[in-house]
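K.L.:
Provided herewith: upload08.cif, mmCIF, C-alpha atoms and all ligand atoms.
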```cif
data_upload
#
loop_
_atom_site.label_atom_id
_atom_site.label_comp_id
_atom_site.auth_asym_id
_atom_site.auth_seq_id
_atom_site.Cartn_x
_atom_site.Cartn_y
_atom_site.Cartn_z
CA MET E 1 89.76 89.80 -100.74
CA SER E 2 86.38 88.66 -99.51
CA TYR E 3 83.97 91.51 -100.01
CA ARG E 4 80.20 91.57 -99.82
CA TYR E 5 79.34 93.75 -102.80
CA LEU E 6 76.44 93.45 -105.23
CA GLY E 7 77.77 92.32 -108.59
CA ASN E 8 81.32 91.64 -107.34
CA LYS E 9 82.89 89.70 -110.24
CA THR E 10 85.61 87.88 -108.29
CA ARG E 11 83.90 84.51 -108.91
CA LEU E 12 83.51 85.25 -112.61
CA ALA E 13 86.88 86.84 -113.25
CA ASP E 14 88.46 83.83 -114.99
CA TRP E 15 85.48 83.36 -117.26
CA ILE E 16 85.34 87.05 -118.22
CA LEU E 17 89.10 87.17 -118.69
CA GLY E 18 88.94 84.10 -120.94
CA VAL E 19 86.59 85.92 -123.31
CA VAL E 20 88.53 89.20 -123.19
CA THR E 21 91.92 87.57 -123.85
CA SER E 22 90.48 85.63 -126.79
CA VAL E 23 89.77 88.98 -128.48
CA LEU E 24 92.16 91.56 -127.12
CA ALA E 25 95.87 91.56 -127.99
CA PRO E 26 98.34 91.01 -125.14
CA ARG E 27 99.56 94.29 -123.59
CA ALA E 28 96.57 96.22 -124.96
CA SER E 29 94.69 98.71 -122.78
CA ILE E 30 91.29 98.28 -121.21
CA ALA E 31 89.06 100.51 -119.09
CA ASP E 32 86.88 99.29 -116.20
CA PRO E 33 84.84 102.45 -115.60
CA MET E 34 82.35 100.85 -113.16
CA CYS E 35 85.03 99.09 -111.19
CA GLY E 36 83.34 98.50 -107.78
CA THR E 37 85.74 96.37 -105.74
CA ALA E 38 88.29 96.61 -108.60
CA ALA E 39 88.25 92.81 -108.90
CA MET E 40 88.18 92.95 -112.71
CA SER E 41 90.64 95.85 -112.89
CA LYS E 42 93.08 93.70 -110.94
CA ALA E 43 92.39 90.63 -113.09
CA PHE E 44 93.00 92.66 -116.27
CA ALA E 45 96.22 94.09 -114.81
CA ARG E 46 97.45 90.61 -113.86
CA ALA E 47 96.76 89.47 -117.42
CA GLY E 48 99.21 92.12 -118.64
CA TYR E 49 96.81 94.84 -119.77
CA SER E 50 97.16 98.55 -119.00
CA VAL E 51 94.04 99.41 -117.01
CA THR E 52 92.05 102.59 -116.49
CA ALA E 53 89.74 102.05 -113.51
CA ALA E 54 86.96 104.41 -112.47
CA ASP E 55 83.61 104.53 -110.73
CA ALA E 56 80.95 107.10 -109.91
CA LEU E 57 81.47 106.52 -106.18
CA THR E 58 84.51 107.27 -104.05
CA PHE E 59 85.21 104.00 -102.23
CA PRO E 60 85.72 101.99 -105.46
CA VAL E 61 88.34 104.57 -106.43
CA ILE E 62 90.12 103.91 -103.12
CA HIS E 63 90.08 100.17 -103.85
CA ALA E 64 91.30 100.67 -107.41
CA ARG E 65 94.16 102.94 -106.33
CA THR E 66 95.27 100.37 -103.78
CA ARG E 67 94.84 97.30 -105.95
CA LEU E 68 96.26 98.75 -109.16
CA LEU E 69 98.71 101.45 -108.18
CA ALA E 70 100.28 100.12 -104.97
CA GLU E 71 102.64 97.52 -106.39
CA SER E 72 104.69 97.03 -103.23
CA PRO E 73 104.11 97.92 -99.57
CA PRO E 74 104.21 101.73 -99.31
CA ALA E 75 107.05 103.13 -97.16
CA PHE E 76 104.80 104.91 -94.62
CA ALA E 77 107.65 107.16 -93.45
CA ILE E 78 105.49 108.56 -90.65
CA PHE E 79 105.10 105.08 -89.10
CA GLY E 80 108.42 103.61 -90.23
CA SER E 81 106.92 100.79 -92.34
CA TYR E 82 103.69 99.30 -93.74
CA ASP E 83 103.60 96.77 -90.89
CA ALA E 84 103.89 99.61 -88.37
CA ALA E 85 100.98 101.40 -90.08
CA LEU E 86 98.86 98.26 -89.66
CA ALA E 87 99.97 97.95 -86.04
CA TRP E 88 98.78 101.54 -85.49
CA MET E 89 95.37 100.74 -87.00
CA ARG E 90 95.03 97.72 -84.71
CA SER E 91 96.10 99.45 -81.53
CA VAL E 92 94.80 103.02 -81.71
CA ALA E 93 92.61 103.71 -78.67
CA PRO E 94 88.85 103.80 -79.44
CA GLU E 95 87.44 107.33 -79.44
CA PRO E 96 83.62 107.62 -79.68
CA GLY E 97 82.66 110.09 -82.40
CA TYR E 98 80.41 110.29 -85.49
CA PHE E 99 80.33 106.54 -86.24
CA HIS E 100 79.71 105.69 -82.59
CA ARG E 101 76.88 108.22 -82.35
CA GLU E 102 75.15 107.51 -85.69
CA PHE E 103 75.88 103.84 -86.43
CA SER E 104 76.44 101.93 -83.21
CA ALA E 105 74.39 99.97 -80.73
CA GLU E 106 75.48 102.47 -78.06
CA GLY E 107 74.80 105.56 -80.15
CA ARG E 108 72.26 108.36 -79.93
CA PRO E 109 71.60 109.52 -83.48
CA MET E 110 71.47 113.27 -84.01
CA ASN E 111 67.95 113.07 -85.48
CA GLY E 112 66.61 111.42 -82.32
CA ARG E 113 65.99 108.00 -83.93
CA GLU E 114 66.69 104.70 -82.21
CA PRO E 115 70.34 103.52 -82.09
CA ARG E 116 71.38 102.07 -85.42
CA LEU E 117 72.95 98.68 -84.91
CA TYR E 118 75.40 98.69 -87.82
CA PHE E 119 78.34 98.16 -85.42
CA SER E 120 79.09 97.33 -81.82
CA GLY E 121 79.89 100.41 -79.73
CA HIS E 122 83.51 99.30 -79.40
CA ASN E 123 84.05 98.75 -83.14
CA ALA E 124 82.39 102.05 -84.03
CA ALA E 125 84.64 103.95 -81.59
CA HIS E 126 87.66 102.12 -83.04
CA ILE E 127 86.56 103.17 -86.55
CA ASP E 128 86.17 106.77 -85.29
CA ALA E 129 89.70 106.76 -83.86
CA ILE E 130 91.20 105.44 -87.10
CA ARG E 131 89.23 107.98 -89.15
CA ASN E 132 90.47 110.81 -86.95
CA GLY E 133 94.03 109.56 -87.19
CA ILE E 134 93.95 109.25 -90.99
CA ARG E 135 92.35 112.70 -91.35
CA THR E 136 95.00 114.26 -89.11
CA LEU E 137 97.88 112.57 -90.95
CA GLY E 138 96.34 113.44 -94.31
CA SER E 139 95.85 117.11 -93.54
CA ALA E 140 99.38 117.39 -92.10
CA GLY E 141 100.75 116.07 -95.41
CA ASP E 142 102.21 113.01 -93.68
CA LEU E 143 100.78 110.48 -96.16
CA THR E 144 101.36 110.05 -99.88
CA ARG E 145 98.23 109.66 -101.97
CA ILE E 146 98.77 105.90 -102.25
CA GLU E 147 99.47 105.53 -98.52
CA HIS E 148 96.28 107.45 -97.78
CA SER E 149 94.31 105.12 -100.07
CA VAL E 150 95.91 101.99 -98.61
CA LEU E 151 94.86 103.02 -95.07
CA LEU E 152 91.31 103.79 -96.20
CA HIS E 153 91.19 100.52 -98.18
CA HIS E 154 92.11 98.59 -95.02
CA LEU E 155 89.57 100.52 -92.98
CA ILE E 156 86.81 99.75 -95.51
CA LEU E 157 87.65 96.03 -95.65
CA SER E 158 87.83 95.65 -91.89
CA THR E 159 84.64 97.68 -91.37
CA ASN E 160 82.84 95.53 -93.94
CA ALA E 161 83.88 92.37 -92.14
CA VAL E 162 82.22 93.44 -88.85
CA ALA E 163 79.19 95.27 -90.24
CA ASN E 164 75.93 94.04 -88.70
CA ILE E 165 74.06 93.78 -92.00
CA THR E 166 72.51 91.09 -94.14
CA GLY E 167 74.24 92.08 -97.37
CA THR E 168 74.10 95.81 -97.95
CA TYR E 169 73.95 98.88 -95.73
CA GLY E 170 70.32 99.55 -96.65
CA TYR E 171 69.50 98.63 -93.05
CA PHE E 172 71.02 96.84 -90.04
CA ARG E 173 70.13 93.62 -88.22
CA SER E 174 67.94 93.92 -85.14
CA GLU E 175 70.54 92.14 -82.93
CA LEU E 176 74.32 92.27 -83.11
CA SER E 177 75.57 89.12 -84.86
CA ALA E 178 78.63 87.12 -83.77
CA ALA E 179 80.62 88.62 -86.68
CA ALA E 180 79.70 92.16 -85.56
CA LEU E 181 81.08 91.45 -82.09
CA ARG E 182 84.50 90.45 -83.43
CA PRO E 183 87.15 93.17 -83.29
CA LEU E 184 88.35 94.95 -86.42
CA SER E 185 91.22 93.10 -88.01
CA PHE E 186 93.94 94.33 -90.35
CA GLU E 187 95.71 91.64 -92.33
CA PRO E 188 98.59 92.61 -94.62
CA LEU E 189 97.72 92.88 -98.30
CA GLU E 190 99.62 91.02 -100.97
CA PHE E 191 101.11 93.67 -103.21
CA GLU E 192 102.16 92.59 -106.65
CA PRO E 193 103.64 94.48 -109.58
CA THR E 194 101.88 94.21 -112.94
CA PRO E 195 103.42 95.14 -116.28
CA GLY E 196 100.88 97.68 -117.57
CA ARG E 197 100.51 101.41 -116.94
CA HIS E 198 97.43 102.03 -114.88
CA VAL E 199 95.24 105.06 -114.28
CA VAL E 200 92.50 105.57 -111.68
CA ARG E 201 89.84 108.26 -111.82
CA GLN E 202 86.32 109.04 -110.67
CA GLY E 203 83.16 110.00 -112.54
CA ASP E 204 79.96 108.82 -114.20
CA VAL E 205 80.70 106.69 -117.23
CA GLU E 206 78.22 108.79 -119.21
CA LYS E 207 80.51 111.79 -118.56
CA ILE E 208 84.02 110.32 -118.69
CA GLY E 209 83.33 107.69 -121.38
CA SER E 210 84.54 109.89 -124.23
CA GLU E 211 87.87 110.47 -122.42
CA LEU E 212 88.72 106.78 -122.12
CA ASN E 213 91.44 106.28 -124.71
CA THR E 214 91.74 102.52 -124.35
CA ASP E 215 91.57 99.68 -126.88
CA ALA E 216 88.71 98.09 -124.96
CA VAL E 217 86.16 98.98 -122.31
CA TYR E 218 84.57 96.56 -119.86
CA LEU E 219 81.19 97.79 -118.58
CA ASP E 220 79.66 96.25 -115.48
CA PRO E 221 76.64 98.41 -114.70
CA PRO E 222 74.15 97.84 -111.89
CA TYR E 223 71.34 95.68 -113.18
CA THR E 224 68.77 95.94 -110.40
CA LYS E 225 66.97 98.92 -108.88
CA ARG E 226 69.30 98.84 -105.88
CA GLN E 227 71.36 102.02 -105.91
CA TYR E 228 74.97 101.54 -104.84
CA ALA E 229 75.20 105.06 -103.38
CA GLY E 230 72.42 104.28 -100.87
CA ASN E 231 73.22 100.63 -100.23
CA TYR E 232 76.89 101.33 -99.50
CA HIS E 233 76.50 104.74 -97.82
CA ILE E 234 78.78 103.79 -94.93
CA LEU E 235 81.64 102.78 -97.23
CA GLU E 236 81.23 106.03 -99.15
CA THR E 237 81.42 107.97 -95.87
CA LEU E 238 84.62 106.12 -94.90
CA ALA E 239 86.16 106.91 -98.29
CA ARG E 240 85.08 110.56 -98.31
CA GLU E 241 86.20 111.02 -94.71
CA ASP E 242 83.24 113.26 -93.96
CA GLU E 243 80.36 113.34 -91.46
CA PRO E 244 77.19 113.81 -93.50
CA GLU E 245 73.71 114.10 -92.06
CA ALA E 246 72.49 110.56 -91.27
CA VAL E 247 68.92 110.54 -92.52
CA GLY E 248 65.90 108.61 -91.21
CA ASP E 249 65.96 105.30 -89.33
CA GLY E 250 68.68 103.79 -91.50
CA GLY E 251 70.99 106.81 -91.30
CA LEU E 252 71.73 106.91 -95.04
CA ARG E 253 73.82 109.81 -96.27
CA PRO E 254 71.96 111.95 -98.83
CA TRP E 255 72.67 109.93 -102.00
CA LYS E 256 70.14 111.04 -104.65
CA GLU E 257 72.72 113.14 -106.48
CA GLN E 258 74.78 109.99 -106.99
CA ALA E 259 71.83 107.89 -108.20
CA SER E 260 72.65 105.75 -111.22
CA GLU E 261 70.45 105.88 -114.30
CA PHE E 262 71.26 102.19 -114.84
CA CYS E 263 69.12 101.32 -111.80
CA TYR E 264 65.82 102.64 -113.17
CA LYS E 265 63.79 100.64 -115.68
CA ARG E 266 62.74 103.90 -117.38
CA SER E 267 66.29 105.16 -117.93
CA ALA E 268 68.59 102.11 -118.03
CA GLY E 269 68.23 101.57 -121.80
CA HIS E 270 68.98 105.22 -122.43
CA ALA E 271 72.01 105.07 -120.10
CA PHE E 272 73.41 102.14 -122.13
CA ARG E 273 72.87 103.98 -125.42
CA ASP E 274 74.30 107.23 -124.09
CA THR E 275 77.39 105.45 -122.74
CA LEU E 276 78.02 103.47 -125.92
CA LYS E 277 77.74 106.63 -128.01
CA ARG E 278 80.57 108.18 -126.02
CA LEU E 279 82.98 105.24 -125.98
CA ARG E 280 85.65 105.20 -128.66
CA ALA E 281 87.19 101.77 -128.02
CA THR E 282 87.03 99.11 -130.73
CA HIS E 283 85.95 96.43 -128.27
CA VAL E 284 83.30 96.84 -125.61
CA PHE E 285 82.57 94.00 -123.18
CA ILE E 286 79.46 94.20 -121.03
CA SER E 287 78.44 92.07 -118.06
CA TYR E 288 74.71 91.89 -117.52
CA SER E 289 72.32 89.49 -115.85
CA GLU E 290 69.17 88.01 -117.34
CA ASP E 291 67.39 89.66 -114.39
CA GLY E 292 68.52 93.14 -115.49
CA GLN E 293 66.33 96.23 -115.84
CA VAL E 294 66.93 96.06 -119.59
CA SER E 295 65.52 92.92 -121.23
CA GLU E 296 67.67 90.69 -123.39
CA SER E 297 65.88 91.77 -126.57
CA GLU E 298 66.13 95.49 -125.77
CA LEU E 299 69.82 95.24 -124.90
CA ASP E 300 70.49 93.24 -128.04
CA SER E 301 68.77 95.87 -130.14
CA ILE E 302 70.73 98.71 -128.48
CA LEU E 303 74.10 96.98 -128.80
CA SER E 304 73.47 95.95 -132.43
CA ASP E 305 73.27 99.65 -133.35
CA PHE E 306 76.93 100.03 -132.35
CA GLY E 307 78.65 96.93 -133.71
CA LYS E 308 78.76 93.18 -134.17
CA VAL E 309 77.44 91.54 -131.01
CA THR E 310 78.50 88.18 -129.57
CA MET E 311 76.89 86.95 -126.37
CA TYR E 312 78.39 84.47 -123.91
CA GLN E 313 76.44 83.11 -120.96
CA LEU E 314 77.14 81.23 -117.79
CA PRO E 315 74.52 79.70 -115.47
CA LEU E 316 75.16 80.73 -111.88
CA ALA E 317 73.64 79.47 -108.65
CA ARG E 318 71.40 82.10 -107.11
CA PHE E 319 72.28 83.51 -103.73
CA ARG E 320 68.82 84.76 -102.91
CA SER E 321 65.38 84.16 -104.26
CA ASN E 322 63.58 86.94 -106.07
CA ASN E 323 60.71 87.31 -108.43
CA ARG E 324 62.25 85.41 -111.36
CA VAL E 325 63.65 82.21 -109.98
CA LYS E 326 64.52 79.67 -112.67
CA ASP E 327 65.59 76.34 -111.17
CA GLY E 328 67.65 78.26 -108.60
CA ARG E 329 69.95 79.49 -111.40
CA VAL E 330 70.49 82.82 -113.05
CA LEU E 331 72.19 83.40 -116.39
CA GLU E 332 75.13 85.78 -116.23
CA ARG E 333 75.81 87.27 -119.63
CA LEU E 334 78.88 88.75 -121.19
CA TYR E 335 78.45 90.69 -124.42
CA HIS E 336 81.24 91.55 -126.79
CA VAL E 337 80.52 94.44 -129.15
CA GLU E 338 83.05 94.92 -131.92
CA ARG E 339 82.41 98.43 -133.14
CA PHE E 340 81.51 99.14 -136.76
C1 LIG Q 1 77.99 95.69 -110.66
S1 LIG Q 1 78.94 96.88 -109.80
C2 LIG Q 1 80.56 96.59 -110.43
C3 LIG Q 1 81.19 95.43 -109.78
C4 LIG Q 1 82.65 95.26 -110.09
N1 LIG Q 1 82.86 94.81 -111.46
C5 LIG Q 1 83.27 94.29 -109.13
O1 LIG Q 1 83.73 93.22 -109.55
O2 LIG Q 1 83.29 94.62 -107.93
C6 LIG Q 1 78.45 98.36 -110.56
C7 LIG Q 1 79.30 99.57 -110.22
O3 LIG Q 1 78.89 100.62 -111.10
C8 LIG Q 1 78.98 101.84 -110.41
N2 LIG Q 1 78.12 102.78 -111.17
C9 LIG Q 1 76.78 102.83 -111.22
N3 LIG Q 1 76.36 103.77 -112.11
C10 LIG Q 1 77.50 104.30 -112.62
C11 LIG Q 1 77.75 105.30 -113.59
N4 LIG Q 1 76.75 105.93 -114.21
N5 LIG Q 1 79.04 105.62 -113.89
C12 LIG Q 1 80.07 104.99 -113.26
N6 LIG Q 1 79.89 104.04 -112.32
C13 LIG Q 1 78.62 103.68 -112.01
C14 LIG Q 1 78.53 101.51 -109.00
O4 LIG Q 1 79.01 102.47 -108.08
C15 LIG Q 1 79.13 100.12 -108.81
O5 LIG Q 1 80.38 100.18 -108.17
#
```
Starting from the file, give its structure as structure tokens.
P.N.:
Amino acid sequence: MSYRYLGNKTRLADWILGVVTSVLAPRASIADPMCGTAAMSKAFARAGYSVTAADALTFPVIHARTRLLAESPPAFAIFGSYDAALAWMRSVAPEPGYFHREFSAEGRPMNGREPRLYFSGHNAAHIDAIRNGIRTLGSAGDLTRIEHSVLLHHLILSTNAVANITGTYGYFRSELSAAALRPLSFEPLEFEPTPGRHVVRQGDVEKIGSELNTDAVYLDPPYTKRQYAGNYHILETLAREDEPEAVGDGGLRPWKEQASEFCYKRSAGHAFRDTLKRLRATHVFISYSEDGQVSESELDSILSDFGKVTMYQLPLARFRSNNRVKDGRVLERLYHVERF
């Protein structure tokens, strides 16, 4: 699954898994409470662990439900089959609505701002038609929970592939790119059963941390000031199936209530401490970058209060320059805390 998402660990999954499996017994349980694309949740499940996946935002929960809980193509009784459900997504007639108005090159945003070029007019109207269809089927009770998630998962992936952005949805490009002019595409997923028992939920890790009854927890918090709720507002709107006010030039949904404490220099250290206090697992693994809001020495001092700390690091090529370039490489760190 190619997915532009800040901190997506797909490229690092084997390395992280290597460390986790060297410590954690086979068939143990592990939580991934900041699961994002659910790349690590899936990797843990494939390795034989029972996984609890969660995130503060809604679209990661949709991904986790699809990637962890759908182990074979859902029946989709209303369409006749999974393939027929995909055929419907491909062929439904475009129907200009909220996405077309607020987020397309042909739109006229409600607040009177210039058209927002996140999508071509055609793609936005196609997205609107699919959203309407899923909402109608959902409210008529024609979809199981997993089927509902699988449709939204597809819609998010296909929307992401044609979004006219440079990386996140913080803003759009000034001209429609070649990728944005391609039609939405819906390729079948590869479903695969995994041996563990998996659970998916939603909530801030600071709140649900104490309810995670797993042998291990893998934390992958944001490490820059970029808030996921704002930078991925369009994916959140797809997952929530709502039509929020689109604010300002960029059309962001109001996101401040979903702001993460891990993104602010003043509160990130406290968020780590607060989270670790709540976790009950014997093993906590934490991904963090050397560029993080919390410095290496501060993080080391926080983690050492909770257990024996081992740090692993991997030099990674940088994708973009920023204020702390070191030979074009950044050190990705994985901490293992074995609780006292
Ligand atoms: C670095 S990303 C995780 C990437 C993920 N491991 C992957 O491979 O796609 C950080 C995630 O943490 C979530 N997040 C931020 N603050 C959170 C909090 N306080 N509680 C739970 N999730 C949070 C964000 O929504 C985002 O999905």
K.L.:
Separation of atom CA of Ser210 of chain E and atom CA of Asp274 of chain E, in Å?
P.N.:
10.6 Å
K.L.:
At a cut-off of 7 Å around ligand LIG 1 (chain Q), and using all atoms listed in the file, what residues come up? Please write them as a PyMOL selection string.
P.N.:
chain E and resi 5-10+33-40+54-57+60+203-206+220-222+228-229+260-262
K.L.:
Give the answer as one residue: which of E:Arg278, E:His270, E:Arg101, E:His198 has the shortest atom-to-atom distance to Glu245 of chain E, using all atoms listed in the file?
P.N.:
E:Arg101
K.L.:
So that I can see what lies close to segment 78-85 of chain E, please list as a VMD selection string the residues with an atom at most 10 Å from it, counting all atoms listed in the file and leaving out residues fewer than 3 positions away in the same chain.
P.N.:
chain E and resid 72 to 75 88 to 90 137 142 to 143 147 150 to 151 186 to 189
K.L.:
Mind checking which residues fall within 12 Å of Gly141 of chain E, counting all atoms listed in the file, ignoring those fewer than 5 positions away in the same chain, and posting them as a list in words?
P.N.:
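The filter keeps Phe76, Ala77, Ile78, Ile134, Arg135, Thr136, Glu147 and His148 of chain E.
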K.L.:
Report the distance between atom CA of Leu24 of chain E and atom CA of Leu219 of chain E in Å, rounded to one decimal place.
P.N.:
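Taking atom CA of Leu24 of chain E and atom CA of Leu219 of chain E, their separation equals 15.2 Å.
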K.L.:
Could you model all heavy atoms for segment 9-19 of chain E and present them as a PDB file, in the frame of the given file?
P.N.:
```
ATOM      1  N   LYS E   9      82.614  90.704-109.208  1.00  0.00           N
ATOM      2  CA  LYS E   9      82.890  89.700-110.240  1.00  0.00           C
ATOM      3  C   LYS E   9      84.042  88.761-109.906  1.00  0.00           C
ATOM      4  O   LYS E   9      84.521  88.037-110.791  1.00  0.00           O
ATOM      5  CB  LYS E   9      83.161  90.401-111.593  1.00  0.00           C
ATOM      6  CG  LYS E   9      81.949  91.108-112.170  1.00  0.00           C
ATOM      7  CD  LYS E   9      80.823  90.139-112.473  1.00  0.00           C
ATOM      8  CE  LYS E   9      79.592  90.807-113.066  1.00  0.00           C
ATOM      9  NZ  LYS E   9      78.887  91.731-112.163  1.00  0.00           N
ATOM     10  N   THR E  10      84.469  88.732-108.646  1.00  0.00           N
ATOM     11  CA  THR E  10      85.610  87.880-108.290  1.00  0.00           C
ATOM     12  C   THR E  10      85.380  86.439-108.777  1.00  0.00           C
ATOM     13  O   THR E  10      86.254  85.834-109.389  1.00  0.00           O
ATOM     14  CB  THR E  10      85.829  87.894-106.763  1.00  0.00           C
ATOM     15  OG1 THR E  10      85.981  89.259-106.371  1.00  0.00           O
ATOM     16  CG2 THR E  10      87.074  87.130-106.366  1.00  0.00           C
ATOM     17  N   ARG E  11      84.186  85.903-108.534  1.00  0.00           N
ATOM     18  CA  ARG E  11      83.900  84.510-108.910  1.00  0.00           C
ATOM     19  C   ARG E  11      83.898  84.291-110.418  1.00  0.00           C
ATOM     20  O   ARG E  11      84.034  83.180-110.893  1.00  0.00           O
ATOM     21  CB  ARG E  11      82.493  84.115-108.408  1.00  0.00           C
ATOM     22  CG  ARG E  11      82.405  83.815-106.951  1.00  0.00           C
ATOM     23  CD  ARG E  11      81.066  83.180-106.594  1.00  0.00           C
ATOM     24  NE  ARG E  11      79.905  83.876-107.139  1.00  0.00           N
ATOM     25  CZ  ARG E  11      78.767  83.297-107.501  1.00  0.00           C
ATOM     26  NH1 ARG E  11      78.610  82.004-107.417  1.00  0.00           N
ATOM     27  NH2 ARG E  11      77.751  84.006-107.946  1.00  0.00           N
ATOM     28  N   LEU E  12      83.649  85.371-111.156  1.00  0.00           N
ATOM     29  CA  LEU E  12      83.510  85.250-112.610  1.00  0.00           C
ATOM     30  C   LEU E  12      84.730  85.739-113.373  1.00  0.00           C
ATOM     31  O   LEU E  12      84.740  85.749-114.600  1.00  0.00           O
ATOM     32  CB  LEU E  12      82.297  86.098-113.076  1.00  0.00           C
ATOM     33  CG  LEU E  12      80.943  85.684-112.521  1.00  0.00           C
ATOM     34  CD1 LEU E  12      79.871  86.672-112.968  1.00  0.00           C
ATOM     35  CD2 LEU E  12      80.596  84.301-113.032  1.00  0.00           C
ATOM     36  N   ALA E  13      85.747  86.159-112.605  1.00  0.00           N
ATOM     37  CA  ALA E  13      86.880  86.840-113.250  1.00  0.00           C
ATOM     38  C   ALA E  13      87.551  85.972-114.311  1.00  0.00           C
ATOM     39  O   ALA E  13      87.857  86.450-115.414  1.00  0.00           O
ATOM     40  CB  ALA E  13      87.889  87.284-112.194  1.00  0.00           C
ATOM     41  N   ASP E  14      87.759  84.681-114.019  1.00  0.00           N
ATOM     42  CA  ASP E  14      88.460  83.830-114.990  1.00  0.00           C
ATOM     43  C   ASP E  14      87.642  83.669-116.269  1.00  0.00           C
ATOM     44  O   ASP E  14      88.182  83.674-117.369  1.00  0.00           O
ATOM     45  CB  ASP E  14      88.728  82.437-114.386  1.00  0.00           C
ATOM     46  CG  ASP E  14      89.829  82.499-113.338  1.00  0.00           C
ATOM     47  OD1 ASP E  14      90.541  83.533-113.277  1.00  0.00           O
ATOM     48  OD2 ASP E  14      89.968  81.532-112.569  1.00  0.00           O
ATOM     49  N   TRP E  15      86.343  83.534-116.089  1.00  0.00           N
ATOM     50  CA  TRP E  15      85.480  83.360-117.260  1.00  0.00           C
ATOM     51  C   TRP E  15      85.488  84.634-118.122  1.00  0.00           C
ATOM     52  O   TRP E  15      85.663  84.575-119.344  1.00  0.00           O
ATOM     53  CB  TRP E  15      84.047  83.042-116.771  1.00  0.00           C
ATOM     54  CG  TRP E  15      83.036  82.955-117.868  1.00  0.00           C
ATOM     55  CD1 TRP E  15      83.018  82.054-118.894  1.00  0.00           C
ATOM     56  CD2 TRP E  15      81.900  83.812-118.047  1.00  0.00           C
ATOM     57  NE1 TRP E  15      81.924  82.299-119.701  1.00  0.00           N
ATOM     58  CE2 TRP E  15      81.219  83.366-119.196  1.00  0.00           C
ATOM     59  CE3 TRP E  15      81.381  84.901-117.348  1.00  0.00           C
ATOM     60  CZ2 TRP E  15      80.050  83.982-119.661  1.00  0.00           C
ATOM     61  CZ3 TRP E  15      80.217  85.505-117.809  1.00  0.00           C
ATOM     62  CH2 TRP E  15      79.571  85.050-118.958  1.00  0.00           C
ATOM     63  N   ILE E  16      85.354  85.781-117.478  1.00  0.00           N
ATOM     64  CA  ILE E  16      85.340  87.050-118.220  1.00  0.00           C
ATOM     65  C   ILE E  16      86.697  87.262-118.907  1.00  0.00           C
ATOM     66  O   ILE E  16      86.765  87.620-120.094  1.00  0.00           O
ATOM     67  CB  ILE E  16      85.013  88.232-117.264  1.00  0.00           C
ATOM     68  CG1 ILE E  16      83.592  88.077-116.722  1.00  0.00           C
ATOM     69  CG2 ILE E  16      85.188  89.583-117.974  1.00  0.00           C
ATOM     70  CD1 ILE E  16      83.242  89.011-115.577  1.00  0.00           C
ATOM     71  N   LEU E  17      87.742  86.987-118.156  1.00  0.00           N
ATOM     72  CA  LEU E  17      89.100  87.170-118.690  1.00  0.00           C
ATOM     73  C   LEU E  17      89.327  86.256-119.892  1.00  0.00           C
ATOM     74  O   LEU E  17      89.966  86.655-120.879  1.00  0.00           O
ATOM     75  CB  LEU E  17      90.106  86.866-117.584  1.00  0.00           C
ATOM     76  CG  LEU E  17      91.462  87.503-117.705  1.00  0.00           C
ATOM     77  CD1 LEU E  17      91.367  89.014-117.828  1.00  0.00           C
ATOM     78  CD2 LEU E  17      92.294  87.150-116.472  1.00  0.00           C
ATOM     79  N   GLY E  18      88.787  85.039-119.819  1.00  0.00           N
ATOM     80  CA  GLY E  18      88.940  84.100-120.940  1.00  0.00           C
ATOM     81  C   GLY E  18      88.373  84.689-122.219  1.00  0.00           C
ATOM     82  O   GLY E  18      88.993  84.614-123.289  1.00  0.00           O
ATOM     83  N   VAL E  19      87.201  85.313-122.121  1.00  0.00           N
ATOM     84  CA  VAL E  19      86.590  85.920-123.310  1.00  0.00           C
ATOM     85  C   VAL E  19      87.409  87.125-123.771  1.00  0.00           C
ATOM     86  O   VAL E  19      87.724  87.278-124.958  1.00  0.00           O
ATOM     87  CB  VAL E  19      85.123  86.345-123.016  1.00  0.00           C
ATOM     88  CG1 VAL E  19      84.549  87.131-124.191  1.00  0.00           C
ATOM     89  CG2 VAL E  19      84.266  85.131-122.701  1.00  0.00           C
TER      90      VAL E  19
END
```
